[in-house]
Amino acid sequence: MPPTEQRPPVSHRKLGIFGVVAVVGAGLIVATGIRAREDSSSKLKEWTDNQAVPTVAVAPPSGRALTPTLDLPGRLEAYSRAPILARVSGYLKSWSADIGAQVKAGQVIAEIEAPDLDQQLLQARADLVSQQSSARLSEATLNRRKTLVASNFVSAQEIDERTADLANKLAAVNSGQANVERLEALAGYKKITVPFDGVVTARDTDVGALINAGGGAGPAMFVVSDITKLRVYVNVPQNYVPAIKIGAKAALTMPEYPNRTFAATVEASSQSVDISSGTTRMQLALDNSAGELMPGGYANVRLNLQRDAVPLHIPSSALIFNQNGLRVATVGPDDKVLFKTVTIARDLGKEIELASGVTVDDRIITAPPDGLADGDPVRVVGPGAKGKPTASEKQDVKG
């Protein structure tokens, strides 16, 4: 039987090297696992932090004049309008002009029968004749008395008395003459005449109607209006008044002419604000030589606005209103939120015209999420992500 082969004994040094290698390998495995876990945790934290930063879209304010006009309701009025009232009392004898009649200045359109005024005039004339006779007698008596002064038949006192009596009689004549002329002038008002060329727009009387002098007890007998030119009155909100200049053009549309527009010109302003409505009344002139438009009618007035600077517009969704007031959220160069307080000039629906608060270089968050605060970082997407408006956006602002 062959002898058994014996392995050489392992040295302690080799065992030690093997143990060290094993320990180092185990350490590497453990270190690799810890490092992988740390990398995973770091990536998770970074992902979580990134998810916490809100993503927003920004846009610069637009400087385009989206709506350079202002629409307001207006009311048409005759350029000249005269309610005709009676100056004498009596009964209407006749009239010759009904509503819609074209009349001329000085034309007689009605006549009043006033018998009591006629009798007063007759009495005044008779009194005047009596006063004139008394004055002539007083003058003749004075002249006869003066011829007797030289013979001392009459005294100087009597001459003075006769002179004073003549002066009284002459004053009475003047008074009577003035009374006659006054009644004759009143009698002339029995005929109702037209003050200017126009059209009769109202008649509120008829034959036999009782007429009261001055019309205090009722409406005017007639209303005559000159409608060849019309006045248009509009009440302009206070913040738009500086943008509407005297001489500005306006376009009017009427319900009865839906497919037509009429040109008008701003010619006057009340230069005051009505405290009850916060508006200023403005007057426009409108040519109506064709007689197509009627005084008293409604009109939609579109006024052209003239601004010294191009207003800025932002989307309506960009506005934030809370306890801090009306603000917009902007993004600074460091991509952090900065709130700015703004003032609205006009609400145009989807667009808001601002009076103050932002500049053309601001990046406005078009739809700010809830919970934003000053200094919060945001992730910007879209055309404004680089922090400055694009060339086309700048062109829009300048235009």
# chains A, B, ... in the order shown; residues from 1 in each chain; ligands from 1
call {"tool": "select_by_dssp", "arguments": {"residues": "segment 147-195 of chain A", "states": "helix (DSSP H, G or I)", "output": "PyMOL selection string"}}
result
chain A and resi 147+156-188
call {"tool": "closest_atom_pairs", "arguments": {"of": "segment 227-265 of chain A", "to": "segment 78-94 of chain A", "cutoff": "9 Å", "atoms": "only C-alpha atoms", "output": "Markdown table"}}
result
| residue | atom | partner | partner_atom | distance |
| --- | --- | --- | --- | --- |
| A:Ile227 | CA | A:Ala78 | CA | 5.2 |
| A:Thr228 | CA | A:Tyr79 | CA | 7.9 |
| A:Lys229 | CA | A:Tyr79 | CA | 5.6 |
| A:Leu230 | CA | A:Tyr79 | CA | 4.7 |
| A:Arg231 | CA | A:Tyr79 | CA | 5.3 |
| A:Val232 | CA | A:Ala78 | CA | 8.7 |
call {"tool": "closest_residue", "arguments": {"among": "A:Ala318, A:Ala248, A:Ile159, A:Ile352", "to": "Ala285 of chain A", "atoms": "only C-alpha atoms"}}
result
A:Ala248
call {"tool": "residues_around", "arguments": {"residues": "Asp376 of chain A", "least_positions_apart": "6", "cutoff": "9 Å", "atoms": "only C-alpha atoms", "output": "ChimeraX atom specification"}}
result
/A:53,335-338
call {"tool": "write_last_selection", "arguments": {"atoms": "C-alpha atoms", "output": "PDB file, in the first residue's frame"}}
result
ATOM      1  CA  VAL A  53     -40.240  74.566  -6.147  1.00  0.00           C
ATOM      2  CA  ASP A 335     -35.742  83.512 -10.181  1.00  0.00           C
ATOM      3  CA  LYS A 336     -37.298  84.556  -6.880  1.00  0.00           C
ATOM      4  CA  VAL A 337     -40.779  85.978  -6.370  1.00  0.00           C
ATOM      5  CA  LEU A 338     -41.269  89.729  -5.851  1.00  0.00           C
TER       6      LEU A 338
END
call {"tool": "closest_residue", "arguments": {"among": "A:Leu142, A:Ala59, A:Glu184, A:Ala172", "to": "Asp160 of chain A", "atoms": "only C-alpha atoms"}}
result
A:Leu142
call {"tool": "select_by_dssp", "arguments": {"residues": "segment 141-333 of chain A", "states": "strand (DSSP E)", "output": "PyMOL selection string"}}
result
chain A and resi 191-193+198-203+210-211+222-237+249-254+257-269+279-287+298-304+312-315+319-322+325-331
call {"tool": "residues_around", "arguments": {"residues": "Leu326 of chain A", "least_positions_apart": "2", "cutoff": "12 Å", "atoms": "only C-alpha atoms", "output": "MDAnalysis selection string"}}
result
chainID A and resid 316 318:324 328:329 339:344 354 356:357
call {"tool": "write_last_selection", "arguments": {"atoms": "C-alpha atoms", "output": "CSV table (one decimal), in the first residue's frame"}}
result
chain,number,residue,atom,x,y,z
A,316,SER,CA,-56.5,89.1,-15.8
A,318,ALA,CA,-52.1,87.6,-13.0
A,319,LEU,CA,-54.0,89.7,-10.5
A,320,ILE,CA,-53.8,88.8,-6.8
A,321,PHE,CA,-56.2,90.4,-4.3
A,322,ASN,CA,-55.9,89.7,-0.6
A,323,GLN,CA,-55.4,91.5,2.7
A,324,ASN,CA,-52.3,93.2,1.2
A,328,VAL,CA,-49.1,91.0,-9.1
A,329,ALA,CA,-46.3,88.5,-8.7
A,339,PHE,CA,-44.8,91.1,-5.3
A,340,LYS,CA,-45.7,94.6,-6.6
A,341,THR,CA,-48.8,96.7,-5.8
A,342,VAL,CA,-50.6,97.8,-9.0
A,343,THR,CA,-53.5,100.2,-9.9
A,344,ILE,CA,-56.1,99.2,-12.5
A,354,LEU,CA,-52.7,99.1,-15.5
A,356,SER,CA,-49.2,102.1,-12.3
A,357,GLY,CA,-47.1,99.4,-10.5
call {"tool": "closest_residue", "arguments": {"among": "A:Val380, A:Leu166, A:Met294, A:Ala202", "to": "Phe222 of chain A", "atoms": "only C-alpha atoms"}}
result
A:Ala202
call {"tool": "residues_around", "arguments": {"residues": "Phe196 of chain A", "least_positions_apart": "3", "cutoff": "9 Å", "atoms": "only C-alpha atoms", "output": "compact mmCIF listing (two decimals) with N, CA, C and O atoms, in the first residue's frame"}}
result
# COMPACT_ATOMS: atom_id res chain seq x y z
N SER A 80 -80.73 123.78 -30.25
CA SER A 80 -81.51 124.90 -29.70
C SER A 80 -82.92 124.39 -29.45
O SER A 80 -83.54 123.80 -30.35
N ALA A 82 -86.69 125.59 -27.42
CA ALA A 82 -87.40 126.66 -26.74
C ALA A 82 -88.82 126.22 -26.39
O ALA A 82 -89.66 126.07 -27.29
N VAL A 103 -91.14 125.23 -39.05
CA VAL A 103 -91.55 126.62 -38.83
C VAL A 103 -90.35 127.54 -39.01
O VAL A 103 -89.19 127.12 -38.91
N LYS A 104 -90.66 128.83 -39.27
CA LYS A 104 -89.62 129.84 -39.48
C LYS A 104 -89.67 130.87 -38.36
O LYS A 104 -90.70 131.06 -37.72
N ALA A 105 -88.55 131.53 -38.15
CA ALA A 105 -88.48 132.56 -37.11
C ALA A 105 -89.48 133.67 -37.39
O ALA A 105 -89.58 134.16 -38.53
N GLY A 106 -90.26 134.06 -36.38
CA GLY A 106 -91.26 135.11 -36.52
C GLY A 106 -92.61 134.62 -36.99
O GLY A 106 -93.58 135.41 -37.01
N GLN A 107 -92.72 133.37 -37.37
CA GLN A 107 -94.00 132.84 -37.85
C GLN A 107 -95.00 132.75 -36.70
O GLN A 107 -94.68 132.29 -35.61
N VAL A 224 -90.39 124.27 -29.63
CA VAL A 224 -89.76 124.37 -30.94
C VAL A 224 -88.29 124.03 -30.80
O VAL A 224 -87.61 124.55 -29.90
N SER A 225 -87.79 123.15 -31.67
CA SER A 225 -86.40 122.69 -31.59
C SER A 225 -85.72 122.84 -32.93
O SER A 225 -86.33 122.59 -33.98
N ASP A 226 -84.47 123.25 -32.87
CA ASP A 226 -83.62 123.29 -34.07
C ASP A 226 -82.82 122.00 -34.08
O ASP A 226 -81.90 121.81 -33.30
call {"tool": "closest_residue", "arguments": {"among": "A:Thr69, A:Thr359, A:Gln177, A:Gln102", "to": "Ala251 of chain A", "atoms": "only C-alpha atoms"}}
result
A:Thr69
call {"tool": "atom_distance", "arguments": {"atom1": "atom CA of Pro295 of chain A", "atom2": "atom CA of Ser270 of chain A"}}
result
20.6 Å
call {"tool": "residues_around", "arguments": {"residues": "Tyr257 of chain A", "least_positions_apart": "5", "cutoff": "10 Å", "atoms": "only C-alpha atoms", "output": "list in words"}}
result
Phe262, Glu292 and Leu293 of chain A
call {"tool": "write_last_selection", "arguments": {"atoms": "N, CA, C and O atoms", "output": "mmCIF file, in the first residue's frame"}}
result
data_model
loop_
_atom_site.group_PDB
_atom_site.id
_atom_site.type_symbol
_atom_site.label_atom_id
_atom_site.label_comp_id
_atom_site.auth_asym_id
_atom_site.auth_seq_id
_atom_site.Cartn_x
_atom_site.Cartn_y
_atom_site.Cartn_z
ATOM 1 N N PHE A 262 -72.344 107.530 -37.006
ATOM 2 C CA PHE A 262 -72.423 108.967 -37.224
ATOM 3 C C PHE A 262 -71.249 109.620 -36.497
ATOM 4 O O PHE A 262 -70.970 109.294 -35.341
ATOM 5 N N GLU A 292 -82.199 112.947 -39.922
ATOM 6 C CA GLU A 292 -82.422 111.516 -39.684
ATOM 7 C C GLU A 292 -82.503 111.173 -38.192
ATOM 8 O O GLU A 292 -83.133 110.182 -37.815
ATOM 9 N N LEU A 293 -81.861 111.973 -37.351
ATOM 10 C CA LEU A 293 -81.799 111.660 -35.925
ATOM 11 C C LEU A 293 -82.770 112.537 -35.155
ATOM 12 O O LEU A 293 -83.071 113.665 -35.546
#
call {"tool": "residues_around", "arguments": {"residues": "Thr261 of chain A", "least_positions_apart": "4", "cutoff": "12 Å", "atoms": "only C-alpha atoms", "output": "PyMOL selection string"}}
result
chain A and resi 250-257+286+293+299-302
call {"tool": "closest_residue", "arguments": {"among": "A:Val360, A:Val273, A:Ile246, A:Ala140", "to": "Pro311 of chain A", "atoms": "only C-alpha atoms"}}
result
A:Val360
call {"tool": "closest_residue", "arguments": {"among": "A:Ala135, A:Val381, A:Val194, A:Ala355", "to": "Asn168 of chain A", "atoms": "only C-alpha atoms"}}
result
A:Ala135
